[in-house]
>>> print(open('upload_5.csv').read())   # CSV, N, CA and C atoms
chain,number,residue,atom,x,y,z
G,1,MET,N,86.6,119.8,101.4
G,1,MET,CA,87.0,118.7,100.5
G,1,MET,C,85.9,118.3,99.6
G,2,ILE,N,86.2,118.0,98.4
G,2,ILE,CA,85.2,117.6,97.4
G,2,ILE,C,84.9,116.1,97.7
G,3,ALA,N,83.6,115.8,97.8
G,3,ALA,CA,83.2,114.4,98.1
G,3,ALA,C,83.6,113.6,96.8
G,4,PHE,N,83.9,112.3,97.0
G,4,PHE,CA,84.3,111.5,95.9
G,4,PHE,C,83.2,111.3,94.9
G,5,THR,N,81.9,111.4,95.4
G,5,THR,CA,80.8,111.3,94.4
G,5,THR,C,80.7,112.4,93.5
G,6,TYR,N,81.3,113.6,93.8
G,6,TYR,CA,81.2,114.7,92.9
G,6,TYR,C,82.4,114.9,92.0
G,7,VAL,N,83.4,114.0,92.0
G,7,VAL,CA,84.6,114.1,91.2
G,7,VAL,C,84.2,113.8,89.8
G,8,ASN,N,84.6,114.7,88.9
G,8,ASN,CA,84.4,114.4,87.4
G,8,ASN,C,85.7,114.0,86.8
G,9,THR,N,86.8,114.4,87.3
G,9,THR,CA,88.1,114.1,86.7
G,9,THR,C,89.1,113.7,87.8
G,10,TRP,N,89.7,112.5,87.6
G,10,TRP,CA,90.8,112.0,88.4
G,10,TRP,C,92.1,112.3,87.6
G,11,PHE,N,92.9,113.2,88.1
G,11,PHE,CA,94.1,113.6,87.5
G,11,PHE,C,95.3,112.8,88.1
G,12,LYS,N,96.1,112.2,87.2
G,12,LYS,CA,97.2,111.4,87.7
G,12,LYS,C,98.3,112.4,88.1
G,13,ALA,N,98.6,112.4,89.4
G,13,ALA,CA,99.6,113.4,89.9
G,13,ALA,C,101.0,112.8,89.7
G,14,GLY,N,101.2,111.5,89.7
G,14,GLY,CA,102.5,110.9,89.6
G,14,GLY,C,102.6,109.6,90.4
G,15,LYS,N,103.7,109.0,90.4
G,15,LYS,CA,104.0,107.8,91.1
G,15,LYS,C,104.2,108.1,92.6
G,16,ILE,N,103.9,107.2,93.5
G,16,ILE,CA,104.1,107.4,94.9
G,16,ILE,C,105.6,107.8,95.2
G,17,SER,N,106.5,107.2,94.5
G,17,SER,CA,107.9,107.5,94.6
G,17,SER,C,108.3,108.9,94.2
G,18,ASN,N,107.4,109.6,93.5
G,18,ASN,CA,107.7,111.0,93.1
G,18,ASN,C,107.5,112.0,94.3
G,19,PHE,N,106.9,111.6,95.3
G,19,PHE,CA,106.6,112.5,96.4
G,19,PHE,C,107.4,112.1,97.7
G,20,PRO,N,108.1,113.1,98.3
G,20,PRO,CA,108.9,112.8,99.4
G,20,PRO,C,108.1,112.3,100.6
G,21,SER,N,108.7,111.5,101.5
G,21,SER,CA,108.1,111.0,102.7
G,21,SER,C,107.9,112.2,103.7
G,22,ASN,N,106.7,112.3,104.3
G,22,ASN,CA,106.4,113.3,105.3
G,22,ASN,C,106.7,114.7,104.8
G,23,ARG,N,106.5,114.9,103.5
G,23,ARG,CA,106.6,116.2,102.9
G,23,ARG,C,105.6,116.3,101.8
G,24,GLY,N,105.7,117.4,101.0
G,24,GLY,CA,104.8,117.6,99.9
G,24,GLY,C,105.5,117.8,98.6
G,25,GLY,N,104.8,117.7,97.6
G,25,GLY,CA,105.2,118.0,96.2
G,25,GLY,C,104.2,118.9,95.6
G,26,CYS,N,104.5,119.5,94.5
G,26,CYS,CA,103.6,120.4,93.9
G,26,CYS,C,103.3,120.0,92.4
G,27,LEU,N,102.1,120.2,91.9
G,27,LEU,CA,101.8,120.0,90.5
G,27,LEU,C,100.9,121.1,90.1
G,28,LYS,N,100.8,121.2,88.8
G,28,LYS,CA,99.9,122.2,88.2
G,28,LYS,C,98.7,121.4,87.5
G,29,TYR,N,97.5,121.8,87.8
G,29,TYR,CA,96.3,121.3,87.1
G,29,TYR,C,95.6,122.5,86.6
G,30,LYS,N,95.5,122.6,85.3
G,30,LYS,CA,94.9,123.8,84.7
G,30,LYS,C,95.6,125.1,85.2
G,31,ASP,N,94.8,126.0,85.9
G,31,ASP,CA,95.4,127.2,86.4
G,31,ASP,C,95.6,127.1,87.9
G,32,LYS,N,95.6,125.9,88.5
G,32,LYS,CA,95.8,125.7,89.9
G,32,LYS,C,97.1,125.0,90.2
G,33,GLN,N,97.8,125.5,91.3
G,33,GLN,CA,98.9,124.7,91.8
G,33,GLN,C,98.4,123.9,93.0
G,34,ILE,N,98.6,122.6,93.0
G,34,ILE,CA,98.1,121.7,94.0
G,34,ILE,C,99.3,121.1,94.8
G,35,ALA,N,99.2,121.2,96.1
G,35,ALA,CA,100.2,120.5,97.0
G,35,ALA,C,99.7,119.1,97.2
G,36,ILE,N,100.6,118.1,97.0
G,36,ILE,CA,100.3,116.7,97.3
G,36,ILE,C,101.1,116.3,98.5
G,37,ILE,N,100.5,116.0,99.5
G,37,ILE,CA,101.2,115.7,100.8
G,37,ILE,C,101.2,114.2,101.1
G,38,ASN,N,102.4,113.7,101.2
G,38,ASN,CA,102.6,112.3,101.6
G,38,ASN,C,102.9,112.3,103.1
G,39,PHE,N,101.9,112.1,103.9
G,39,PHE,CA,102.0,112.1,105.4
G,39,PHE,C,102.3,110.7,105.8
G,40,GLU,N,103.4,110.2,105.5
G,40,GLU,CA,103.8,108.8,105.7
G,40,GLU,C,103.7,108.3,107.1
G,41,ARG,N,104.0,109.2,108.1
G,41,ARG,CA,104.0,108.8,109.5
G,41,ARG,C,102.6,108.4,109.9
G,42,LYS,N,101.5,109.0,109.2
G,42,LYS,CA,100.1,108.7,109.5
G,42,LYS,C,99.6,107.7,108.5
G,43,LYS,N,100.4,107.4,107.5
G,43,LYS,CA,100.0,106.5,106.4
G,43,LYS,C,98.8,107.1,105.6
G,44,GLU,N,98.9,108.4,105.4
G,44,GLU,CA,97.8,109.1,104.7
G,44,GLU,C,98.3,110.1,103.7
G,45,TRP,N,97.5,110.4,102.7
G,45,TRP,CA,97.8,111.3,101.6
G,45,TRP,C,96.8,112.4,101.6
G,46,TYR,N,97.2,113.6,101.2
G,46,TYR,CA,96.3,114.8,101.2
G,46,TYR,C,96.6,115.6,100.0
G,47,ALA,N,95.6,116.4,99.5
G,47,ALA,CA,95.8,117.3,98.4
G,47,ALA,C,95.1,118.6,98.8
G,48,CYS,N,95.8,119.7,98.6
G,48,CYS,CA,95.3,121.0,98.9
G,48,CYS,C,95.9,122.1,98.0
G,49,GLN,N,95.3,123.3,98.0
G,49,GLN,CA,95.9,124.3,97.2
G,49,GLN,C,97.3,124.6,97.7
G,50,ASN,N,98.2,125.0,96.8
G,50,ASN,CA,99.6,125.2,97.2
G,50,ASN,C,99.8,126.7,97.7
G,51,ALA,N,98.9,127.6,97.4
G,51,ALA,CA,99.0,129.0,97.8
G,51,ALA,C,98.6,129.2,99.2
G,52,CYS,N,99.5,129.7,100.0
G,52,CYS,CA,99.1,130.1,101.4
G,52,CYS,C,98.2,131.4,101.2
G,53,PRO,N,97.0,131.4,101.8
G,53,PRO,CA,96.0,132.5,101.5
G,53,PRO,C,96.4,133.8,102.2
G,54,ASN,N,97.4,133.7,103.1
G,54,ASN,CA,97.9,135.0,103.7
G,54,ASN,C,98.4,136.0,102.7
G,55,LYS,N,99.3,135.6,101.9
G,55,LYS,CA,99.9,136.5,100.9
G,55,LYS,C,100.0,135.8,99.5
G,56,MET,N,99.3,134.7,99.4
G,56,MET,CA,99.3,133.9,98.1
G,56,MET,C,100.6,133.4,97.7
G,57,GLU,N,101.5,133.2,98.6
G,57,GLU,CA,102.8,132.6,98.3
G,57,GLU,C,102.6,131.1,98.0
G,58,MET,N,103.3,130.5,97.0
G,58,MET,CA,103.2,129.1,96.7
G,58,MET,C,104.1,128.3,97.7
G,59,ALA,N,103.6,128.0,98.8
G,59,ALA,CA,104.4,127.5,99.9
G,59,ALA,C,103.9,126.3,100.6
G,60,LEU,N,102.7,125.9,100.5
G,60,LEU,CA,102.1,124.8,101.3
G,60,LEU,C,102.7,123.5,101.0
G,61,SER,N,103.2,123.2,99.8
G,61,SER,CA,103.8,121.9,99.5
G,61,SER,C,105.1,121.8,100.3
G,62,ARG,N,105.7,122.9,100.7
G,62,ARG,CA,106.9,122.8,101.5
G,62,ARG,C,106.6,123.1,103.0
G,63,GLY,N,105.3,123.0,103.4
G,63,GLY,CA,104.9,123.4,104.7
G,63,GLY,C,105.4,122.3,105.7
G,64,MET,N,105.2,122.7,107.0
G,64,MET,CA,105.6,121.8,108.1
G,64,MET,C,104.4,120.9,108.5
G,65,LEU,N,104.6,119.6,108.5
G,65,LEU,CA,103.5,118.7,108.8
G,65,LEU,C,103.5,118.3,110.2
G,66,SER,N,102.3,118.2,110.8
G,66,SER,CA,102.1,117.7,112.1
G,66,SER,C,100.6,117.5,112.3
G,67,SER,N,100.2,117.2,113.6
G,67,SER,CA,98.8,117.1,113.9
G,67,SER,C,98.4,117.9,115.1
G,68,MET,N,97.2,118.4,115.2
G,68,MET,CA,96.7,119.1,116.3
G,68,MET,C,95.4,118.5,116.7
G,69,ARG,N,95.3,117.9,117.9
G,69,ARG,CA,94.1,117.2,118.4
G,69,ARG,C,93.7,116.2,117.3
G,70,ASP,N,94.6,115.4,116.8
G,70,ASP,CA,94.4,114.3,115.8
G,70,ASP,C,94.0,114.9,114.4
G,71,ILE,N,94.1,116.2,114.2
G,71,ILE,CA,93.8,116.7,112.9
G,71,ILE,C,95.1,116.9,112.2
G,72,PRO,N,95.3,116.2,111.0
G,72,PRO,CA,96.5,116.5,110.3
G,72,PRO,C,96.6,117.9,109.7
G,73,LYS,N,97.7,118.5,109.8
G,73,LYS,CA,97.8,119.9,109.4
G,73,LYS,C,99.1,120.2,108.7
G,74,THR,N,99.1,121.3,108.0
G,74,THR,CA,100.3,121.8,107.4
G,74,THR,C,100.4,123.3,107.8
G,75,ALA,N,101.6,123.7,108.1
G,75,ALA,CA,101.9,125.1,108.5
G,75,ALA,C,102.7,125.8,107.4
G,76,CYS,N,102.3,126.9,107.0
G,76,CYS,CA,103.1,127.7,106.0
G,76,CYS,C,104.4,128.1,106.7
G,77,HIS,N,105.5,127.7,106.1
G,77,HIS,CA,106.8,128.0,106.7
G,77,HIS,C,107.1,129.5,106.6
G,78,LEU,N,106.4,130.3,105.8
G,78,LEU,CA,106.7,131.7,105.7
G,78,LEU,C,105.9,132.6,106.7
G,79,HIS,N,104.6,132.1,107.0
G,79,HIS,CA,103.7,133.0,107.8
G,79,HIS,C,103.3,132.3,109.0
G,80,LYS,N,103.6,131.0,109.2
G,80,LYS,CA,103.3,130.2,110.4
G,80,LYS,C,101.8,130.0,110.6
G,81,ARG,N,101.0,130.2,109.6
G,81,ARG,CA,99.5,129.9,109.7
G,81,ARG,C,99.4,128.4,109.5
G,82,THR,N,98.5,127.7,110.2
G,82,THR,CA,98.3,126.3,110.1
G,82,THR,C,96.9,126.0,109.6
G,83,PHE,N,96.8,125.0,108.7
G,83,PHE,CA,95.6,124.6,108.0
G,83,PHE,C,95.3,123.1,108.1
G,84,SER,N,94.1,122.8,108.4
G,84,SER,CA,93.7,121.4,108.4
G,84,SER,C,93.8,120.8,107.0
G,85,LEU,N,94.5,119.6,106.9
G,85,LEU,CA,94.6,119.0,105.6
G,85,LEU,C,93.3,118.2,105.3
G,86,VAL,N,92.4,118.1,106.2
G,86,VAL,CA,91.1,117.4,106.0
G,86,VAL,C,90.1,118.3,105.4
G,87,ASP,N,89.9,119.5,105.9
G,87,ASP,CA,88.8,120.4,105.4
G,87,ASP,C,89.3,121.8,105.1
G,88,GLY,N,90.6,122.1,105.3
G,88,GLY,CA,91.1,123.4,104.9
G,88,GLY,C,91.0,124.5,105.9
G,89,THR,N,90.3,124.2,107.0
G,89,THR,CA,90.1,125.3,108.0
G,89,THR,C,91.4,125.8,108.6
G,90,ASN,N,91.4,127.1,108.9
G,90,ASN,CA,92.6,127.7,109.5
G,90,ASN,C,92.5,127.4,111.0
G,91,LEU,N,93.5,126.7,111.5
G,91,LEU,CA,93.6,126.2,112.9
G,91,LEU,C,94.1,127.3,113.8
G,92,ASN,N,94.5,128.5,113.3
G,92,ASN,CA,94.8,129.6,114.1
G,92,ASN,C,93.6,130.5,114.4
G,93,GLY,N,92.5,130.2,113.9
G,93,GLY,CA,91.3,130.9,114.2
G,93,GLY,C,91.0,132.0,113.2
G,94,ASP,N,91.9,132.3,112.3
G,94,ASP,CA,91.6,133.4,111.3
G,94,ASP,C,90.6,132.9,110.3
G,95,ASP,N,90.0,133.8,109.5
G,95,ASP,CA,89.0,133.5,108.5
G,95,ASP,C,89.6,132.8,107.3
G,96,LEU,N,90.9,132.9,107.1
G,96,LEU,CA,91.6,132.3,105.9
G,96,LEU,C,91.4,130.8,105.9
G,97,LYS,N,91.1,130.3,104.7
G,97,LYS,CA,90.9,128.9,104.5
G,97,LYS,C,91.6,128.4,103.2
G,98,ILE,N,91.9,127.1,103.1
G,98,ILE,CA,92.5,126.6,101.9
G,98,ILE,C,91.5,125.6,101.3
G,99,ALA,N,91.7,125.4,100.0
G,99,ALA,CA,90.9,124.4,99.3
G,99,ALA,C,91.6,123.1,99.4
G,100,THR,N,90.8,122.0,99.7
G,100,THR,CA,91.3,120.7,99.7
G,100,THR,C,90.6,119.8,98.6
G,101,TYR,N,91.3,118.8,98.2
G,101,TYR,CA,90.8,117.9,97.1
G,101,TYR,C,91.0,116.5,97.5
G,102,PRO,N,90.0,115.7,97.0
G,102,PRO,CA,90.2,114.2,97.3
G,102,PRO,C,91.3,113.6,96.6
G,103,GLU,N,91.9,112.6,97.1
G,103,GLU,CA,93.0,111.9,96.5
G,103,GLU,C,92.8,110.4,96.6
G,104,LYS,N,93.4,109.7,95.8
G,104,LYS,CA,93.3,108.2,95.9
G,104,LYS,C,94.6,107.6,95.3
G,105,ILE,N,94.9,106.5,95.9
G,105,ILE,CA,96.1,105.7,95.4
G,105,ILE,C,95.6,104.5,94.7
G,106,ILE,N,96.1,104.3,93.5
G,106,ILE,CA,95.8,103.1,92.7
G,106,ILE,C,97.1,102.5,92.3
G,107,GLY,N,97.4,101.3,92.9
G,107,GLY,CA,98.7,100.7,92.6
G,107,GLY,C,99.8,101.5,93.2
G,108,ASN,N,100.7,102.0,92.4
G,108,ASN,CA,101.8,102.9,92.9
G,108,ASN,C,101.6,104.3,92.3
G,109,GLU,N,100.4,104.7,92.0
G,109,GLU,CA,100.1,106.1,91.4
G,109,GLU,C,99.1,106.9,92.3
G,110,VAL,N,99.4,108.2,92.3
G,110,VAL,CA,98.6,109.1,93.1
G,110,VAL,C,97.7,109.9,92.2
G,111,PHE,N,96.4,110.0,92.5
G,111,PHE,CA,95.4,110.7,91.7
G,111,PHE,C,94.7,111.8,92.6
G,112,VAL,N,94.4,112.9,92.0
G,112,VAL,CA,93.7,114.0,92.7
G,112,VAL,C,92.4,114.2,91.9
G,113,GLY,N,91.3,114.4,92.7
G,113,GLY,CA,90.0,114.6,92.1
G,113,GLY,C,89.6,116.1,91.9
G,114,PHE,N,89.0,116.4,90.8
G,114,PHE,CA,88.5,117.7,90.5
G,114,PHE,C,87.0,117.7,90.0
G,115,LEU,N,86.3,118.8,90.1
G,115,LEU,CA,85.0,118.9,89.6
G,115,LEU,C,85.0,119.0,88.1
G,116,ASP,N,86.0,119.7,87.5
G,116,ASP,CA,86.0,119.9,86.1
G,116,ASP,C,86.9,119.0,85.3
>>> encode(input="upload_5.csv", output="C-alpha coordinates")
Amino acid sequence: MIAFTYVNTWFKAGKISNFPSNRGGCLKYKDKQIAIINFERKKEWYACQNACPNKMEMALSRGMLSSMRDIPKTACHLHKRTFSLVDGTNLNGDDLKIATYPEKIIGNEVFVGFLD
(Lines of atoms letter the chains of each structure in order from A and count residues from 1; the text may use other names and numbers.)
(Lines give C-alpha, C1' and ligand atoms only; values in the text may rest on other atoms or scores of the structure.)
Protein backbone atom coordinates (compact mmCIF):
# COMPACT_ATOMS: atom_id res chain seq x y z
CA MET A 1 0.00 0.00 0.00
CA ILE A 2 1.23 3.51 -0.74
CA ALA A 3 1.57 5.53 2.44
CA PHE A 4 -0.63 8.63 2.55
CA THR A 5 2.47 10.84 2.87
CA TYR A 6 3.66 9.69 -0.58
CA VAL A 7 0.44 10.37 -2.47
CA ASN A 8 0.85 13.02 -5.15
CA THR A 9 -2.61 12.69 -6.73
CA TRP A 10 -5.98 11.99 -5.14
CA PHE A 11 -8.25 10.78 -7.94
CA LYS A 12 -12.00 11.11 -7.39
CA ALA A 13 -13.37 7.63 -8.02
CA GLY A 14 -17.02 8.58 -7.56
CA LYS A 15 -19.77 8.90 -5.01
CA ILE A 16 -20.18 6.30 -2.28
CA SER A 17 -23.55 5.41 -3.82
CA ASN A 18 -21.78 4.42 -7.08
CA PHE A 19 -20.20 1.40 -5.39
CA PRO A 20 -22.25 -1.64 -4.36
CA SER A 21 -22.35 -2.72 -0.72
CA ASN A 22 -19.92 -5.56 0.11
CA ARG A 23 -18.76 -5.69 -3.50
CA GLY A 24 -16.44 -3.84 -5.78
CA GLY A 25 -16.54 -1.48 -8.68
CA CYS A 26 -13.90 -0.74 -11.29
CA LEU A 27 -12.44 2.47 -12.65
CA LYS A 28 -9.65 3.36 -14.99
CA TYR A 29 -6.85 5.70 -13.94
CA LYS A 30 -4.39 6.35 -16.77
CA ASP A 31 -3.38 2.84 -17.92
CA LYS A 32 -4.50 1.09 -14.70
CA GLN A 33 -7.77 -0.63 -13.88
CA ILE A 34 -8.46 -0.18 -10.18
CA ALA A 35 -10.93 -2.17 -8.08
CA ILE A 36 -12.68 -0.06 -5.43
CA ILE A 37 -14.04 -2.30 -2.69
CA ASN A 38 -16.86 -1.18 -0.39
CA PHE A 39 -16.50 -3.71 2.45
CA GLU A 40 -19.57 -2.35 4.24
CA ARG A 41 -19.81 -5.27 6.71
CA LYS A 42 -16.47 -4.09 8.14
CA LYS A 43 -17.20 -0.39 7.48
CA GLU A 44 -14.01 -0.18 5.41
CA TRP A 45 -12.97 0.75 1.87
CA TYR A 46 -10.07 -0.65 -0.17
CA ALA A 47 -8.46 -0.04 -3.55
CA CYS A 48 -6.33 -2.52 -5.46
CA GLN A 49 -5.42 -3.50 -8.99
CA ASN A 50 -8.32 -5.09 -10.81
CA ALA A 51 -6.20 -7.65 -12.67
CA CYS A 52 -5.83 -11.03 -11.02
CA PRO A 53 -2.07 -11.71 -11.40
CA ASN A 54 -2.64 -15.39 -12.18
CA LYS A 55 -3.76 -14.79 -15.79
CA MET A 56 -4.23 -11.00 -15.75
CA GLU A 57 -8.02 -11.28 -15.99
CA MET A 58 -9.82 -8.09 -14.91
CA ALA A 59 -11.74 -9.80 -12.14
CA LEU A 60 -10.89 -8.58 -8.63
CA SER A 61 -13.60 -5.90 -8.55
CA ARG A 62 -16.05 -8.81 -8.79
CA GLY A 63 -14.13 -10.96 -6.32
CA MET A 64 -15.55 -12.65 -3.26
CA LEU A 65 -15.01 -10.64 -0.05
CA SER A 66 -14.29 -12.13 3.35
CA SER A 67 -11.67 -12.14 6.09
CA MET A 68 -8.95 -14.58 7.07
CA ARG A 69 -7.53 -14.18 10.60
CA ASP A 70 -8.99 -10.63 10.64
CA ILE A 71 -7.29 -9.80 7.33
CA PRO A 72 -9.81 -8.45 4.80
CA LYS A 73 -9.38 -10.29 1.51
CA THR A 74 -10.74 -10.68 -1.97
CA ALA A 75 -10.75 -13.94 -3.89
CA CYS A 76 -10.62 -14.08 -7.66
CA HIS A 77 -13.82 -15.83 -8.69
CA LEU A 78 -12.04 -17.29 -11.74
CA HIS A 79 -8.93 -18.78 -10.15
CA LYS A 80 -9.80 -18.88 -6.42
CA ARG A 81 -6.59 -17.14 -5.35
CA THR A 82 -7.05 -14.86 -2.34
CA PHE A 83 -5.29 -11.55 -1.72
CA SER A 84 -5.02 -9.27 1.30
CA LEU A 85 -6.80 -5.99 0.68
CA VAL A 86 -4.41 -4.36 3.17
CA ASP A 87 -1.03 -5.10 1.55
CA GLY A 88 -1.77 -7.23 -1.53
CA THR A 89 -0.05 -10.40 -0.33
CA ASN A 90 -1.29 -13.70 -1.70
CA LEU A 91 -2.93 -15.54 1.19
CA ASN A 92 -2.60 -18.88 -0.64
CA GLY A 93 1.18 -18.74 -0.21
CA ASP A 94 2.01 -18.20 -3.90
CA ASP A 95 4.48 -15.52 -4.97
CA LEU A 96 1.78 -13.61 -6.84
CA LYS A 97 0.88 -10.28 -5.25
CA ILE A 98 -1.47 -7.39 -6.12
CA ALA A 99 -0.93 -3.64 -5.91
CA THR A 100 -2.97 -1.81 -3.29
CA TYR A 101 -3.68 1.92 -3.12
CA PRO A 102 -4.71 4.27 -0.33
CA GLU A 103 -8.27 5.50 -0.37
CA LYS A 104 -10.17 8.11 1.55
CA ILE A 105 -13.76 9.23 1.90
CA ILE A 106 -14.56 12.94 1.92
CA GLY A 107 -18.22 13.67 2.44
CA ASN A 108 -19.98 11.25 0.09
CA GLU A 109 -17.09 10.84 -2.38
CA VAL A 110 -14.41 8.16 -2.69
CA PHE A 111 -10.81 9.08 -3.62
CA VAL A 112 -7.87 6.84 -4.52
CA GLY A 113 -4.24 7.94 -4.05
CA PHE A 114 -1.47 7.58 -6.63
CA LEU A 115 2.19 8.55 -6.81
CA ASP A 116 1.84 10.19 -10.24
>>> residues_near_point(input="upload_5.csv", point="(90.1, 127.6, 104.1)", cutoff="8 Å", atoms="only N, CA and C atoms", output="list in words")
Phe83, Ser84, Asp87, Gly88, Thr89, Asn90, Asp95, Leu96, Lys97, Ile98, Ala99 and Thr100 of chain G
>>> atom_distance(input="upload_5.csv", atom1="CA of Gly107 in chain G", atom2="CA of Lys28 in chain G")
22.0 Å
>>> residues_around(input="upload_5.csv", residues="Lys55 in chain G", least_positions_apart="2", cutoff="12 Å", atoms="only C-alpha atoms", output="PyMOL selection string")
chain G and resi 50-53+57-60+76+78-81+96
>>> closest_residue(input="upload_5.csv", among="G:Ile36, G:Asn8, G:Ala13, G:Arg41", to="Val112 in chain G", atoms="all atoms listed in the file")
G:Ala13
>>> residues_around(input="upload_5.csv", residues="Gly113 in chain G", least_positions_apart="2", cutoff="6.5 Å", atoms="all atoms listed in the file", output="list in words")
Val7, Asn8, Thr9, Trp10, Phe11, Tyr101, Pro102, Glu103, Lys104, Phe111 and Leu115 of chain G
>>> atom_distance(input="upload_5.csv", atom1="CA of His77 in chain G", atom2="CA of Gly63 in chain G")
5.4 Å
>>> residues_around(input="upload_5.csv", residues="Ser17 in chain G", least_positions_apart="6", cutoff="8 Å", atoms="all atoms listed in the file", output="ChimeraX atom specification")
/G:108-110
>>> write_last_selection(input="upload_5.csv", atoms="N, CA and C atoms", output="PDB file, keeping the file's coordinate frame")
ATOM      1  N   ASN G 108     100.700 102.000  92.400  1.00  0.00           N
ATOM      2  CA  ASN G 108     101.800 102.900  92.900  1.00  0.00           C
ATOM      3  C   ASN G 108     101.600 104.300  92.300  1.00  0.00           C
ATOM      4  N   GLU G 109     100.400 104.700  92.000  1.00  0.00           N
ATOM      5  CA  GLU G 109     100.100 106.100  91.400  1.00  0.00           C
ATOM      6  C   GLU G 109      99.100 106.900  92.300  1.00  0.00           C
ATOM      7  N   VAL G 110      99.400 108.200  92.300  1.00  0.00           N
ATOM      8  CA  VAL G 110      98.600 109.100  93.100  1.00  0.00           C
ATOM      9  C   VAL G 110      97.700 109.900  92.200  1.00  0.00           C
TER      10      VAL G 110
END
>>> atom_distance(input="upload_5.csv", atom1="atom N of Gln49 in chain G", atom2="atom C of Asp70 in chain G")
18.5 Å
>>> select_by_dssp(input="upload_5.csv", residues="chain G", states="helix (DSSP H, G or I)", output="PyMOL selection string")
chain G and resi 4-6+16-18+40-42+60-62
>>> build_atoms(input="upload_5.csv", residues="range 40-51 of chain G", atoms="all heavy atoms", output="mmCIF file, keeping the file's coordinate frame")
data_model
loop_
_atom_site.group_PDB
_atom_site.id
_atom_site.type_symbol
_atom_site.label_atom_id
_atom_site.label_comp_id
_atom_site.auth_asym_id
_atom_site.auth_seq_id
_atom_site.Cartn_x
_atom_site.Cartn_y
_atom_site.Cartn_z
ATOM 1 N N GLU G 40 103.400 110.200 105.500
ATOM 2 C CA GLU G 40 103.800 108.800 105.700
ATOM 3 C C GLU G 40 103.700 108.300 107.100
ATOM 4 O O GLU G 40 103.314 107.195 107.425
ATOM 5 C CB GLU G 40 105.161 108.472 105.107
ATOM 6 C CG GLU G 40 105.440 106.995 104.998
ATOM 7 C CD GLU G 40 106.714 106.708 104.226
ATOM 8 O OE1 GLU G 40 107.013 107.448 103.278
ATOM 9 O OE2 GLU G 40 107.401 105.764 104.611
ATOM 10 N N ARG G 41 104.000 109.200 108.100
ATOM 11 C CA ARG G 41 104.000 108.800 109.500
ATOM 12 C C ARG G 41 102.600 108.400 109.900
ATOM 13 O O ARG G 41 102.366 107.553 110.731
ATOM 14 C CB ARG G 41 104.370 110.021 110.393
ATOM 15 C CG ARG G 41 105.830 110.348 110.364
ATOM 16 C CD ARG G 41 106.185 111.397 111.410
ATOM 17 N NE ARG G 41 105.313 112.546 111.428
ATOM 18 C CZ ARG G 41 105.586 113.737 110.894
ATOM 19 N NH1 ARG G 41 106.730 113.935 110.285
ATOM 20 N NH2 ARG G 41 104.740 114.725 110.971
ATOM 21 N N LYS G 42 101.500 109.000 109.200
ATOM 22 C CA LYS G 42 100.100 108.700 109.500
ATOM 23 C C LYS G 42 99.600 107.700 108.500
ATOM 24 O O LYS G 42 98.424 107.317 108.543
ATOM 25 C CB LYS G 42 99.285 109.920 109.552
ATOM 26 C CG LYS G 42 99.652 110.854 110.702
ATOM 27 C CD LYS G 42 98.799 112.083 110.720
ATOM 28 C CE LYS G 42 97.409 111.903 111.198
ATOM 29 N NZ LYS G 42 97.134 111.415 112.498
ATOM 30 N N LYS G 43 100.400 107.400 107.500
ATOM 31 C CA LYS G 43 100.000 106.500 106.400
ATOM 32 C C LYS G 43 98.800 107.100 105.600
ATOM 33 O O LYS G 43 97.827 106.392 105.313
ATOM 34 C CB LYS G 43 99.701 105.075 106.858
ATOM 35 C CG LYS G 43 100.928 104.380 107.435
ATOM 36 C CD LYS G 43 100.589 102.985 107.885
ATOM 37 C CE LYS G 43 101.717 102.191 108.449
ATOM 38 N NZ LYS G 43 102.879 102.742 108.962
ATOM 39 N N GLU G 44 98.900 108.400 105.400
ATOM 40 C CA GLU G 44 97.800 109.100 104.700
ATOM 41 C C GLU G 44 98.300 110.100 103.700
ATOM 42 O O GLU G 44 99.474 110.503 103.734
ATOM 43 C CB GLU G 44 96.977 109.922 105.752
ATOM 44 C CG GLU G 44 96.285 109.048 106.777
ATOM 45 C CD GLU G 44 95.635 109.827 107.893
ATOM 46 O OE1 GLU G 44 95.884 111.040 108.022
ATOM 47 O OE2 GLU G 44 94.877 109.216 108.657
ATOM 48 N N TRP G 45 97.500 110.400 102.700
ATOM 49 C CA TRP G 45 97.800 111.300 101.600
ATOM 50 C C TRP G 45 96.800 112.400 101.600
ATOM 51 O O TRP G 45 95.597 112.198 101.971
ATOM 52 C CB TRP G 45 97.745 110.621 100.253
ATOM 53 C CG TRP G 45 98.889 109.698 100.027
ATOM 54 C CD1 TRP G 45 99.028 108.420 100.500
ATOM 55 C CD2 TRP G 45 100.068 109.968 99.276
ATOM 56 N NE1 TRP G 45 100.217 107.888 100.081
ATOM 57 C CE2 TRP G 45 100.876 108.816 99.321
ATOM 58 C CE3 TRP G 45 100.519 111.071 98.555
ATOM 59 C CZ2 TRP G 45 102.103 108.744 98.680
ATOM 60 C CZ3 TRP G 45 101.735 110.999 97.910
ATOM 61 C CH2 TRP G 45 102.519 109.848 97.982
ATOM 62 N N TYR G 46 97.200 113.600 101.200
ATOM 63 C CA TYR G 46 96.300 114.800 101.200
ATOM 64 C C TYR G 46 96.600 115.600 100.000
ATOM 65 O O TYR G 46 97.750 115.596 99.470
ATOM 66 C CB TYR G 46 96.427 115.653 102.450
ATOM 67 C CG TYR G 46 96.080 114.911 103.706
ATOM 68 C CD1 TYR G 46 97.060 114.295 104.462
ATOM 69 C CD2 TYR G 46 94.762 114.798 104.117
ATOM 70 C CE1 TYR G 46 96.737 113.579 105.602
ATOM 71 C CE2 TYR G 46 94.426 114.085 105.259
ATOM 72 C CZ TYR G 46 95.421 113.482 105.991
ATOM 73 O OH TYR G 46 95.097 112.771 107.110
ATOM 74 N N ALA G 47 95.600 116.400 99.500
ATOM 75 C CA ALA G 47 95.800 117.300 98.400
ATOM 76 C C ALA G 47 95.100 118.600 98.800
ATOM 77 O O ALA G 47 94.000 118.616 99.284
ATOM 78 C CB ALA G 47 95.271 116.763 97.109
ATOM 79 N N CYS G 48 95.800 119.700 98.600
ATOM 80 C CA CYS G 48 95.300 121.000 98.900
ATOM 81 C C CYS G 48 95.900 122.100 98.000
ATOM 82 O O CYS G 48 96.815 121.793 97.226
ATOM 83 C CB CYS G 48 95.512 121.426 100.347
ATOM 84 S SG CYS G 48 97.252 121.645 100.789
ATOM 85 N N GLN G 49 95.300 123.300 98.000
ATOM 86 C CA GLN G 49 95.900 124.300 97.200
ATOM 87 C C GLN G 49 97.300 124.600 97.700
ATOM 88 O O GLN G 49 97.621 124.392 98.891
ATOM 89 C CB GLN G 49 95.099 125.616 97.270
ATOM 90 C CG GLN G 49 95.206 126.345 98.611
ATOM 91 C CD GLN G 49 94.298 127.549 98.683
ATOM 92 O OE1 GLN G 49 93.122 127.461 98.347
ATOM 93 N NE2 GLN G 49 94.843 128.682 99.112
ATOM 94 N N ASN G 50 98.200 125.000 96.800
ATOM 95 C CA ASN G 50 99.600 125.200 97.200
ATOM 96 C C ASN G 50 99.800 126.700 97.700
ATOM 97 O O ASN G 50 100.717 126.928 98.490
ATOM 98 C CB ASN G 50 100.552 124.978 96.046
ATOM 99 C CG ASN G 50 101.997 124.927 96.478
ATOM 100 O OD1 ASN G 50 102.316 124.461 97.561
ATOM 101 N ND2 ASN G 50 102.883 125.412 95.624
ATOM 102 N N ALA G 51 98.900 127.600 97.400
ATOM 103 C CA ALA G 51 99.000 129.000 97.800
ATOM 104 C C ALA G 51 98.600 129.200 99.200
ATOM 105 O O ALA G 51 97.461 128.850 99.581
ATOM 106 C CB ALA G 51 98.239 129.857 96.858
#
